[in-house]
Amino acid sequence: MSRVDESVQEVNFDGLVGPTHNYAGLAAGNLASQRHGGLTANPKEGALQGLLKMKSLMEAGYAQGVLPPQQRPDLGALRKLGFTGSDERVLASAADQAPQLLRAVCSASSMWTANAATVTPGVDAPEGRVQFTPANLQSSFHRFLEPATTGRVLQAIFHDERHFAHHPALPATPAFSDEGAANHTRLCGAHGEPGVHLFVYGRKAFGGEREPRRYPARQTLEASQAVARQHGLTDAQTVFAQQHPDAIDAGVFHNDVIAVGNGPVLLYHELAFLDEEGTLEALRAKMATPLIPVRVPVEAISLDDAVGSYLFNSQLLSNPDGSMTLVVPGECQENDTVWRVIQDLILAGYNPISEVLVKDVKQSMQNGGGPACLRLRVALSSAEREAIKARALLTPALFEDLTAWVERHYRDRLAPKDLADPQLARESLAALDELTKLLEMGSVYPFQLG
Ligand code: SUG
């Protein structure tokens with residue numbers, strides 16, 4: 001495979017923050033989610049923060065897409081768990097008997113589209129087709145509710161068999177625990193050149209030695225290998241590396257909380273990988289372009305500061321002149337140590353990263369989702385971009401429409417006790433019905449499918 005398609009561009013598909021965005025403390029090993037559980041959220045502010053991030057990157061010349069939120073509350077999930085009667089009765093009984101289940105079926109967690117799927121660009125894949133596998137997200141109940149709708153949304157947008165191949169989510173069982181692109185990094189020259197795929201896992205389902213002790217390892221090697229197989233990736237195109245168990249125990253629940261790659265650059269913390277040298281060597285041996293590692297040692301930034309600031313959950317974006325821009329969350333600027341490392345080690349270092357942009361995504365950050373969690377990267381050629389069916393690529397007009405839609409439908413306060421309000425469920429469905437029309441996406445939600 002030596003084709004180079006110069007029309008290939010990375011499109012970042014950000015998840016829209018849904019109308020039921022709330023802080024429920026649902027995510028084990030995710031310190032921000034644990035710390036903020038029970039706070040009152042502001043769904044409107046969250047959605048607008050996300051849209052402003054998308055708009056500013058679009059205006060800076062980066063290709064930007066958008067993915068819709070999911071149907072929440074997921075009353076179908078509650079019915080499967082034995083709640084019966086009218087929607088109002090299901091909500092009231094769940095609030096009374098199992099408030100933790102009600103919180104789970106209301107989560108707006110699909111905003112973190114880095115966990116929606118794993119994507120392989122056509123240039124690396126058989127028949128030149130872009131490959132998609134929705135992540136099964138089986139490690140938590142609230143996220144396990146996502147893949148069915150995620151699959152329908154991806155198929156509605158990337159709806160052309162000549163260009164796109166859709167695979168089923170892996171079996172939703174601990175051996176194949178899959179959290180999607182958050183644990184997958186493609187390293188390459190330009191985006192249209194062939195790449196090497198770095199899959200990072202937290203544990204082996206069959207016969208692992210070192211595992212985290214405090215918090216769960218969400219991704220298995222077996223899941224990563226299965227996704228690579230589905231996508232037709234060969235040994236020569238893949239590297240499988242174990243995440244450092246100490247990092248997971250410090251709150252690094254996905255690899256994208258401790259490393260980010262783009263093109264030939266891998267920005268990572270010293271404790272990202274259990275075998276740092278072995279991982280870099282394997283990448284170097286397989287990449288066609290020299291790897292540019294940007295290593296942040298533990299003396300410069302502790303794991304606690306890495307997790308608290310989400311420095312490594314930044315987006316690293318390619319510019320036409322070969323330089324790169326790092327898009328960091330506001331929390332990095334608030335941490336003096338981290339801000340200094342950005343200036344002195346990352347920007348001043350001998351690497352292509354030449355600019356830092358700071359974005360406020362605090363509503364998402366308080367649930368453990370930074371700029372990189374909020375986006376799914378899909379490298380697409382011009383023909384593939386043209387084959388997109390829905391109105392999912394951001395334009396100034398779509399930004400205006402989505403902002404007005406949020407202003408019309410979203411609440412600016414949502415406390416855990418509000419989740420039982422049947423009016424919230426009605427508002428949410430009305431908003432989503434309008435959204436699928438606005439995005440020209442057809443029917444993707446259970447309530448639309450009957
Ligand atoms: O799975 N938080 C998400 C955050 C996901 C971040 N994604 C990436 N790193 N790519 C999670 O832990 C919290 C929901 C709550 O507690 O209300 C939550 O699901």
# chains A, B, ... in the order shown; residues from 1 in each chain; ligands from 1
$ closest_atom_pairs --of "chain A" --to "ligand 1" --cutoff "9 Å" --atoms "only C-alpha atoms and all ligand atoms" --output "tab-separated table"
residue	atom	partner	partner_atom_place_in_ligand_line	distance
A:His21	CA	ligand 1	17 (O)	7.7
A:Asn22	CA	ligand 1	17 (O)	5.7
A:Tyr23	CA	ligand 1	17 (O)	4.1
A:Ala24	CA	ligand 1	17 (O)	3.8
A:Gly25	CA	ligand 1	16 (O)	3.5
A:Leu26	CA	ligand 1	16 (O)	3.7
A:Ala27	CA	ligand 1	12 (O)	4.6
A:Ala28	CA	ligand 1	12 (O)	7.0
A:Gly29	CA	ligand 1	12 (O)	7.5
A:Asn30	CA	ligand 1	12 (O)	5.3
A:Leu31	CA	ligand 1	12 (O)	8.7
A:Ala32	CA	ligand 1	13 (C)	8.0
A:Ser33	CA	ligand 1	16 (O)	4.3
A:Gln34	CA	ligand 1	16 (O)	6.5
A:Arg35	CA	ligand 1	16 (O)	8.9
A:His36	CA	ligand 1	16 (O)	7.6
A:Gly37	CA	ligand 1	16 (O)	6.0
A:Gly38	CA	ligand 1	17 (O)	8.7
A:Arg103	CA	ligand 1	17 (O)	7.7
A:Ala104	CA	ligand 1	17 (O)	7.7
A:Cys106	CA	ligand 1	17 (O)	8.7
A:Ser107	CA	ligand 1	17 (O)	5.9
A:Ala108	CA	ligand 1	14 (C)	7.5
A:Ser109	CA	ligand 1	19 (O)	5.2
A:Ser110	CA	ligand 1	19 (O)	8.4
A:Met111	CA	ligand 1	5 (C)	8.4
A:Trp112	CA	ligand 1	7 (N)	5.2
A:Thr113	CA	ligand 1	10 (N)	7.2
A:Ala114	CA	ligand 1	10 (N)	4.7
A:Asn115	CA	ligand 1	10 (N)	5.4
A:Ala116	CA	ligand 1	10 (N)	8.9
A:Leu137	CA	ligand 1	1 (O)	8.3
A:Ser139	CA	ligand 1	1 (O)	8.9
A:Ser140	CA	ligand 1	1 (O)	7.9
A:His142	CA	ligand 1	19 (O)	7.2
A:Arg143	CA	ligand 1	19 (O)	6.8
A:Glu179	CA	ligand 1	10 (N)	8.0
A:Gly180	CA	ligand 1	10 (N)	8.3
A:Ala181	CA	ligand 1	10 (N)	7.5
A:Ala182	CA	ligand 1	10 (N)	4.6
A:Asn183	CA	ligand 1	10 (N)	7.9
A:Val252	CA	ligand 1	9 (N)	8.3
A:Phe253	CA	ligand 1	9 (N)	6.9
A:His254	CA	ligand 1	9 (N)	5.2
A:Asn255	CA	ligand 1	9 (N)	7.4
A:Asp256	CA	ligand 1	9 (N)	5.6
A:Val257	CA	ligand 1	9 (N)	5.7
A:Asn313	CA	ligand 1	9 (N)	7.2
A:Ser364	CA	ligand 1	4 (C)	8.2
A:Met365	CA	ligand 1	4 (C)	8.4
A:Gln366	CA	ligand 1	13 (C)	8.4
A:Asn367	CA	ligand 1	13 (C)	4.7
A:Gly368	CA	ligand 1	4 (C)	4.8
A:Gly369	CA	ligand 1	6 (C)	4.2
A:Gly370	CA	ligand 1	6 (C)	7.0
A:Pro371	CA	ligand 1	10 (N)	9.0
A:Ala372	CA	ligand 1	10 (N)	6.5
A:Cys373	CA	ligand 1	10 (N)	3.7
A:Leu374	CA	ligand 1	10 (N)	7.1
A:Arg375	CA	ligand 1	10 (N)	8.2
$ select_by_dssp --residues "stretch 248-350 of chain A" --states "strand (DSSP E or B)" --output "MDAnalysis selection string"
chainID A and resid 259:262 265:269 273 292:296 315:318 324:329
$ atom_distance --atom1 "atom CA of A:Ser381" --atom2 "atom CA of A:Ala223"
27.7 Å
$ closest_atom_pairs --of "stretch 61-84 of chain A" --to "stretch 432-439 of chain A" --cutoff "10 Å" --atoms "only C-alpha atoms" --output "CSV"
residue,atom,partner,partner_atom,distance
A:Val66,CA,A:Leu439,CA,9.2
A:Leu67,CA,A:Leu439,CA,9.2
A:Pro68,CA,A:Leu435,CA,7.7
A:Pro69,CA,A:Leu432,CA,8.0
A:Gln70,CA,A:Leu432,CA,8.1
A:Gln71,CA,A:Leu432,CA,7.3
A:Arg72,CA,A:Leu432,CA,9.6
$ write_last_selection --atoms "C-alpha atoms" --output "PDB file, in the first residue's frame"
ATOM      1  CA  VAL A  66     -20.630  17.117  14.405  1.00  0.00           C
ATOM      2  CA  LEU A  67     -22.334  14.022  15.825  1.00  0.00           C
ATOM      3  CA  PRO A  68     -25.745  14.191  17.513  1.00  0.00           C
ATOM      4  CA  PRO A  69     -26.420  13.229  21.135  1.00  0.00           C
ATOM      5  CA  GLN A  70     -28.419  10.109  22.006  1.00  0.00           C
ATOM      6  CA  GLN A  71     -31.988   9.560  23.129  1.00  0.00           C
ATOM      7  CA  ARG A  72     -32.036  10.114  26.876  1.00  0.00           C
TER       8      ARG A  72
END
$ decode --residues "stretch 74-87 of chain A" --atoms "all heavy atoms" --output "compact mmCIF listing (two decimals), in the first residue's frame"
# COMPACT_ATOMS: atom_id res chain seq x y z
N ASP A 74 -33.11 6.95 28.47
CA ASP A 74 -33.33 5.73 27.69
C ASP A 74 -34.35 4.89 28.44
O ASP A 74 -34.01 4.00 29.22
CB ASP A 74 -31.99 4.99 27.53
CG ASP A 74 -32.11 3.80 26.60
OD1 ASP A 74 -33.25 3.32 26.37
OD2 ASP A 74 -31.07 3.33 26.11
N LEU A 75 -35.63 5.19 28.17
CA LEU A 75 -36.69 4.48 28.89
C LEU A 75 -36.77 3.03 28.45
O LEU A 75 -37.17 2.15 29.23
CB LEU A 75 -38.03 5.19 28.68
CG LEU A 75 -38.09 6.61 29.25
CD1 LEU A 75 -39.46 7.22 29.03
CD2 LEU A 75 -37.77 6.62 30.74
N GLY A 76 -36.35 2.75 27.22
CA GLY A 76 -36.32 1.36 26.74
C GLY A 76 -35.40 0.53 27.63
O GLY A 76 -35.71 -0.64 27.93
N ALA A 77 -34.29 1.11 28.04
CA ALA A 77 -33.36 0.36 28.91
C ALA A 77 -34.02 0.08 30.25
O ALA A 77 -33.89 -1.02 30.80
CB ALA A 77 -32.07 1.16 29.10
N LEU A 78 -34.75 1.06 30.78
CA LEU A 78 -35.44 0.83 32.06
C LEU A 78 -36.51 -0.25 31.91
O LEU A 78 -36.69 -1.10 32.78
CB LEU A 78 -36.06 2.13 32.59
CG LEU A 78 -35.07 3.18 33.10
CD1 LEU A 78 -35.81 4.43 33.56
CD2 LEU A 78 -34.21 2.63 34.25
N ARG A 79 -37.21 -0.24 30.79
CA ARG A 79 -38.25 -1.26 30.58
C ARG A 79 -37.62 -2.66 30.52
O ARG A 79 -38.17 -3.62 31.06
CB ARG A 79 -39.03 -0.98 29.29
CG ARG A 79 -39.95 0.22 29.42
CD ARG A 79 -40.74 0.49 28.14
NE ARG A 79 -41.36 1.81 28.20
CZ ARG A 79 -42.46 2.08 28.89
NH1 ARG A 79 -43.09 1.12 29.54
NH2 ARG A 79 -42.94 3.31 28.92
N LYS A 80 -36.44 -2.75 29.89
CA LYS A 80 -35.77 -4.06 29.84
C LYS A 80 -35.41 -4.53 31.24
O LYS A 80 -35.23 -5.72 31.49
CB LYS A 80 -34.48 -3.97 29.02
CG LYS A 80 -34.70 -4.05 27.54
CD LYS A 80 -33.37 -4.21 26.82
CE LYS A 80 -33.55 -3.96 25.34
NZ LYS A 80 -32.38 -3.42 24.69
N LEU A 81 -35.26 -3.58 32.15
CA LEU A 81 -34.87 -3.94 33.52
C LEU A 81 -36.09 -4.13 34.42
O LEU A 81 -35.96 -4.15 35.65
CB LEU A 81 -33.92 -2.89 34.09
CG LEU A 81 -32.59 -2.79 33.32
CD1 LEU A 81 -31.77 -1.60 33.80
CD2 LEU A 81 -31.78 -4.07 33.46
N GLY A 82 -37.27 -4.20 33.81
CA GLY A 82 -38.46 -4.60 34.56
C GLY A 82 -39.38 -3.47 34.97
O GLY A 82 -40.40 -3.73 35.62
N PHE A 83 -39.07 -2.24 34.62
CA PHE A 83 -40.00 -1.14 34.95
C PHE A 83 -41.10 -1.12 33.90
O PHE A 83 -40.83 -1.25 32.70
CB PHE A 83 -39.24 0.20 34.99
CG PHE A 83 -38.25 0.26 36.11
CD1 PHE A 83 -36.89 0.00 35.87
CD2 PHE A 83 -38.66 0.53 37.40
CE1 PHE A 83 -35.97 0.03 36.92
CE2 PHE A 83 -37.74 0.57 38.45
CZ PHE A 83 -36.39 0.32 38.21
N THR A 84 -42.33 -0.94 34.36
CA THR A 84 -43.47 -1.05 33.44
C THR A 84 -44.40 0.16 33.58
O THR A 84 -44.26 0.97 34.49
CB THR A 84 -44.29 -2.33 33.72
OG1 THR A 84 -44.67 -2.30 35.11
CG2 THR A 84 -43.51 -3.59 33.42
N GLY A 85 -45.37 0.19 32.67
CA GLY A 85 -46.39 1.24 32.72
C GLY A 85 -46.05 2.38 31.80
O GLY A 85 -45.21 2.27 30.90
N SER A 86 -46.73 3.52 32.03
CA SER A 86 -46.52 4.69 31.18
C SER A 86 -45.09 5.22 31.38
O SER A 86 -44.42 4.86 32.36
CB SER A 86 -47.50 5.79 31.58
OG SER A 86 -47.20 6.18 32.92
N ASP A 87 -44.67 6.09 30.49
CA ASP A 87 -43.33 6.69 30.63
C ASP A 87 -43.19 7.36 31.99
O ASP A 87 -42.16 7.25 32.66
CB ASP A 87 -43.09 7.73 29.52
CG ASP A 87 -42.91 7.07 28.15
OD1 ASP A 87 -42.87 5.82 28.09
OD2 ASP A 87 -42.81 7.82 27.16
